[in-house]
Amino acid sequence: MNATGVVRQLIVDDSTANALLSGRIYTGRVSVDTGYPCAVIQLASTRPNPTKTGASEVDFCRVQVDIYGNTAASADAVSSAIRAAIDYISEQTVTVSGTSVHVGRIDFENEYGDFEDAPGIYRKITEYMVYAKA
């Protein structure tokens with residue numbers, strides 16, 4: 001199940017979050033020459049949901065979204081827009097690269113932030129738990 005793809009697609013589909021990011025939404029890593037603000041989506045962990053009859057069909061995936069901005073206010077604005085776009089999504093089908101993924105639910109889990117001395121940008125880290133079935 002492509003949890004990072006699901007989160008990325010939901011952010012791309014949200015007009016407010018996508019406008020603030022100007023399309024700078026990445027999975028895995030960010031390009032060195034990118035502008036700010038930008039978001040980088042990473043899979044932090046996956047935990048299967050075992051059943052009595054066989055392998056898990058539903059995974060619990062912790063997805064981390066790192067938001068970078070030139071100012072704390074820009075990072076905060078993007079963080080809020082992303083949370084509004086994806087927090088508490090439930091029972092929705094999202095198409096990622098031609099594959100339908102049924103999202104049972106997405107829950108906001110955690111947020112923290114800091115200033116990165118080099119290259120002098122603000123970073124906000126948010127975590128979401130994605131319950132989904134491919």
# chains A, B, ... in the order shown; residues from 1 in each chain; ligands from 1
call {"tool": "select_by_dssp", "arguments": {"residues": "chain A", "states": "strand (DSSP E or B)", "output": "ChimeraX atom specification"}}
result
/A:25-27,38-48,59-69,90-96,99-116,121-133
call {"tool": "residues_around", "arguments": {"residues": "Asn70 (chain A)", "least_positions_apart": "2", "cutoff": "8 Å", "atoms": "only C-alpha atoms", "output": "list of chain:residue names"}}
result
A:Tyr36, A:Pro37, A:Tyr68, A:Ala72, A:Ser74, A:Ala75, A:Gly120, A:Ile121, A:Tyr122
call {"tool": "write_last_selection", "arguments": {"atoms": "N, CA and C atoms", "output": "PDB file, in the first residue's frame"}}
result
ATOM      1  N   TYR A  36      10.902  27.541  -1.371  1.00  0.00           N
ATOM      2  CA  TYR A  36      10.166  27.327  -0.113  1.00  0.00           C
ATOM      3  C   TYR A  36       8.902  28.162  -0.129  1.00  0.00           C
ATOM      4  N   PRO A  37       7.869  27.694   0.559  1.00  0.00           N
ATOM      5  CA  PRO A  37       7.803  26.481   1.362  1.00  0.00           C
ATOM      6  C   PRO A  37       7.685  25.236   0.479  1.00  0.00           C
ATOM      7  N   TYR A  68       9.093  22.733   5.140  1.00  0.00           N
ATOM      8  CA  TYR A  68      10.185  23.691   5.220  1.00  0.00           C
ATOM      9  C   TYR A  68       9.696  25.041   4.715  1.00  0.00           C
ATOM     10  N   ALA A  72       8.867  31.062  10.035  1.00  0.00           N
ATOM     11  CA  ALA A  72       8.051  30.183  10.869  1.00  0.00           C
ATOM     12  C   ALA A  72       6.588  30.296  10.463  1.00  0.00           C
ATOM     13  N   SER A  74       5.317  30.868   7.481  1.00  0.00           N
ATOM     14  CA  SER A  74       5.012  30.121   6.253  1.00  0.00           C
ATOM     15  C   SER A  74       4.958  28.621   6.531  1.00  0.00           C
ATOM     16  N   ALA A  75       5.865  28.114   7.350  1.00  0.00           N
ATOM     17  CA  ALA A  75       5.837  26.690   7.705  1.00  0.00           C
ATOM     18  C   ALA A  75       4.566  26.355   8.490  1.00  0.00           C
ATOM     19  N   GLY A 120      19.327  27.843   7.104  1.00  0.00           N
ATOM     20  CA  GLY A 120      18.593  28.960   7.686  1.00  0.00           C
ATOM     21  C   GLY A 120      17.108  28.936   7.350  1.00  0.00           C
ATOM     22  N   ILE A 121      16.475  27.773   7.549  1.00  0.00           N
ATOM     23  CA  ILE A 121      15.053  27.634   7.249  1.00  0.00           C
ATOM     24  C   ILE A 121      14.323  27.052   8.457  1.00  0.00           C
ATOM     25  N   TYR A 122      13.028  27.203   8.446  1.00  0.00           N
ATOM     26  CA  TYR A 122      12.183  26.648   9.499  1.00  0.00           C
ATOM     27  C   TYR A 122      11.655  25.299   9.038  1.00  0.00           C
TER      28      TYR A 122
END
call {"tool": "residues_around", "arguments": {"residues": "Ala77 (chain A)", "least_positions_apart": "4", "cutoff": "9 Å", "atoms": "only C-alpha atoms", "output": "VMD selection string"}}
result
chain A and resid 17 20 72 to 73 81 to 82
call {"tool": "residues_around", "arguments": {"residues": "region 56-62 of chain A", "least_positions_apart": "5", "cutoff": "7 Å", "atoms": "only C-alpha atoms", "output": "JSON, numbers by chain"}}
result
{"A": [3, 43, 44, 45, 46, 47, 48, 49, 50, 51, 127, 128, 129, 130, 131, 132, 133]}
call {"tool": "atom_distance", "arguments": {"atom1": "CA of Thr34 (chain A)", "atom2": "CA of Asn18 (chain A)"}}
result
15.1 Å
call {"tool": "atom_distance", "arguments": {"atom1": "CA of Asp13 (chain A)", "atom2": "CA of Thr126 (chain A)"}}
result
18.9 Å
call {"tool": "select_by_dssp", "arguments": {"residues": "chain A", "states": "alpha helix (DSSP H)", "output": "VMD selection string"}}
result
chain A and resid 3 to 13 15 to 21 72 to 86
call {"tool": "residues_around", "arguments": {"residues": "Arg29 (chain A)", "least_positions_apart": "6", "cutoff": "12 Å", "atoms": "only C-alpha atoms", "output": "list in words"}}
result
Thr4, Cys38, Ala39, Val40, Ile41, Gln42, Leu43, Gln64, Val65, Asp66, Ile67 and Tyr68 of chain A
call {"tool": "write_last_selection", "arguments": {"atoms": "N, CA and C atoms", "output": "PDB file, in the first residue's frame"}}
result
ATOM      1  N   THR A   4       2.459   7.020   1.339  1.00  0.00           N
ATOM      2  CA  THR A   4       3.004   8.340   1.009  1.00  0.00           C
ATOM      3  C   THR A   4       2.337   8.889  -0.245  1.00  0.00           C
ATOM      4  N   CYS A  38       8.024  24.104   1.092  1.00  0.00           N
ATOM      5  CA  CYS A  38       7.874  22.814   0.420  1.00  0.00           C
ATOM      6  C   CYS A  38       7.561  21.755   1.474  1.00  0.00           C
ATOM      7  N   ALA A  39       7.077  20.615   1.007  1.00  0.00           N
ATOM      8  CA  ALA A  39       6.749  19.505   1.903  1.00  0.00           C
ATOM      9  C   ALA A  39       7.402  18.232   1.381  1.00  0.00           C
ATOM     10  N   VAL A  40       7.927  17.427   2.304  1.00  0.00           N
ATOM     11  CA  VAL A  40       8.529  16.139   1.977  1.00  0.00           C
ATOM     12  C   VAL A  40       7.800  15.072   2.787  1.00  0.00           C
ATOM     13  N   ILE A  41       7.276  14.063   2.089  1.00  0.00           N
ATOM     14  CA  ILE A  41       6.475  13.014   2.718  1.00  0.00           C
ATOM     15  C   ILE A  41       7.301  11.732   2.761  1.00  0.00           C
ATOM     16  N   GLN A  42       7.348  11.116   3.960  1.00  0.00           N
ATOM     17  CA  GLN A  42       8.138   9.895   4.144  1.00  0.00           C
ATOM     18  C   GLN A  42       7.332   8.865   4.919  1.00  0.00           C
ATOM     19  N   LEU A  43       7.557   7.612   4.611  1.00  0.00           N
ATOM     20  CA  LEU A  43       6.965   6.529   5.381  1.00  0.00           C
ATOM     21  C   LEU A  43       7.839   6.276   6.595  1.00  0.00           C
ATOM     22  N   GLN A  64       5.257  10.631   7.890  1.00  0.00           N
ATOM     23  CA  GLN A  64       5.831  11.879   8.384  1.00  0.00           C
ATOM     24  C   GLN A  64       5.842  12.893   7.251  1.00  0.00           C
ATOM     25  N   VAL A  65       5.360  14.102   7.532  1.00  0.00           N
ATOM     26  CA  VAL A  65       5.387  15.188   6.560  1.00  0.00           C
ATOM     27  C   VAL A  65       6.278  16.289   7.127  1.00  0.00           C
ATOM     28  N   ASP A  66       7.400  16.525   6.474  1.00  0.00           N
ATOM     29  CA  ASP A  66       8.318  17.594   6.864  1.00  0.00           C
ATOM     30  C   ASP A  66       8.002  18.812   6.008  1.00  0.00           C
ATOM     31  N   ILE A  67       7.790  19.938   6.666  1.00  0.00           N
ATOM     32  CA  ILE A  67       7.453  21.175   5.972  1.00  0.00           C
ATOM     33  C   ILE A  67       8.581  22.162   6.218  1.00  0.00           C
ATOM     34  N   TYR A  68       9.093  22.733   5.140  1.00  0.00           N
ATOM     35  CA  TYR A  68      10.185  23.691   5.220  1.00  0.00           C
ATOM     36  C   TYR A  68       9.696  25.041   4.715  1.00  0.00           C
TER      37      TYR A  68
END
call {"tool": "atom_distance", "arguments": {"atom1": "CA of Val78 (chain A)", "atom2": "CA of Glu109 (chain A)"}}
result
16.7 Å
call {"tool": "residues_around", "arguments": {"residues": "Thr99 (chain A)", "least_positions_apart": "3", "cutoff": "12 Å", "atoms": "only C-alpha atoms", "output": "list in words"}}
result
Met1, Asn2, Gly5, Val6, Gln9, Thr93, Val94, Thr95, Val96, His102, Lys133 and Ala134 of chain A
call {"tool": "write_last_selection", "arguments": {"atoms": "N, CA and C atoms", "output": "PDB file, in the first residue's frame"}}
result
ATOM      1  N   MET A   1       0.847  -1.170   0.000  1.00  0.00           N
ATOM      2  CA  MET A   1       0.000   0.000   0.000  1.00  0.00           C
ATOM      3  C   MET A   1       0.895   1.236   0.000  1.00  0.00           C
ATOM      4  N   ASN A   2       0.578   2.181  -0.841  1.00  0.00           N
ATOM      5  CA  ASN A   2       1.388   3.377  -1.023  1.00  0.00           C
ATOM      6  C   ASN A   2       0.857   4.521  -0.155  1.00  0.00           C
ATOM      7  N   GLY A   5       2.048   8.022  -1.198  1.00  0.00           N
ATOM      8  CA  GLY A   5       1.348   8.453  -2.403  1.00  0.00           C
ATOM      9  C   GLY A   5      -0.057   8.947  -2.110  1.00  0.00           C
ATOM     10  N   VAL A   6      -0.742   8.266  -1.180  1.00  0.00           N
ATOM     11  CA  VAL A   6      -2.085   8.691  -0.771  1.00  0.00           C
ATOM     12  C   VAL A   6      -2.028  10.083  -0.163  1.00  0.00           C
ATOM     13  N   GLN A   9      -1.236  12.704  -2.813  1.00  0.00           N
ATOM     14  CA  GLN A   9      -2.363  12.977  -3.706  1.00  0.00           C
ATOM     15  C   GLN A   9      -3.425  13.828  -3.024  1.00  0.00           C
ATOM     16  N   THR A  93     -11.794   6.649  -1.374  1.00  0.00           N
ATOM     17  CA  THR A  93     -10.902   5.991  -2.317  1.00  0.00           C
ATOM     18  C   THR A  93     -10.059   7.047  -3.004  1.00  0.00           C
ATOM     19  N   VAL A  94      -8.743   6.842  -2.993  1.00  0.00           N
ATOM     20  CA  VAL A  94      -7.789   7.765  -3.594  1.00  0.00           C
ATOM     21  C   VAL A  94      -7.051   7.014  -4.693  1.00  0.00           C
ATOM     22  N   THR A  95      -6.933   7.635  -5.852  1.00  0.00           N
ATOM     23  CA  THR A  95      -6.209   7.014  -6.958  1.00  0.00           C
ATOM     24  C   THR A  95      -4.779   7.527  -6.974  1.00  0.00           C
ATOM     25  N   VAL A  96      -3.837   6.589  -6.868  1.00  0.00           N
ATOM     26  CA  VAL A  96      -2.407   6.914  -6.848  1.00  0.00           C
ATOM     27  C   VAL A  96      -1.745   6.142  -7.982  1.00  0.00           C
ATOM     28  N   HIS A 102      -8.157   2.270  -0.908  1.00  0.00           N
ATOM     29  CA  HIS A 102      -9.249   2.613   0.000  1.00  0.00           C
ATOM     30  C   HIS A 102      -8.654   3.090   1.326  1.00  0.00           C
ATOM     31  N   LYS A 133      -6.178   0.208   2.651  1.00  0.00           N
ATOM     32  CA  LYS A 133      -6.156  -1.093   1.983  1.00  0.00           C
ATOM     33  C   LYS A 133      -6.014  -0.842   0.487  1.00  0.00           C
ATOM     34  N   ALA A 134      -5.017  -1.458  -0.104  1.00  0.00           N
ATOM     35  CA  ALA A 134      -4.822  -1.279  -1.556  1.00  0.00           C
ATOM     36  C   ALA A 134      -5.795  -2.134  -2.321  1.00  0.00           C
TER      37      ALA A 134
END
call {"tool": "closest_residue", "arguments": {"among": "A:Ile106, A:Ile125, A:Val30, A:Ile25", "to": "Ala84 (chain A)", "atoms": "only C-alpha atoms"}}
result
A:Ile106
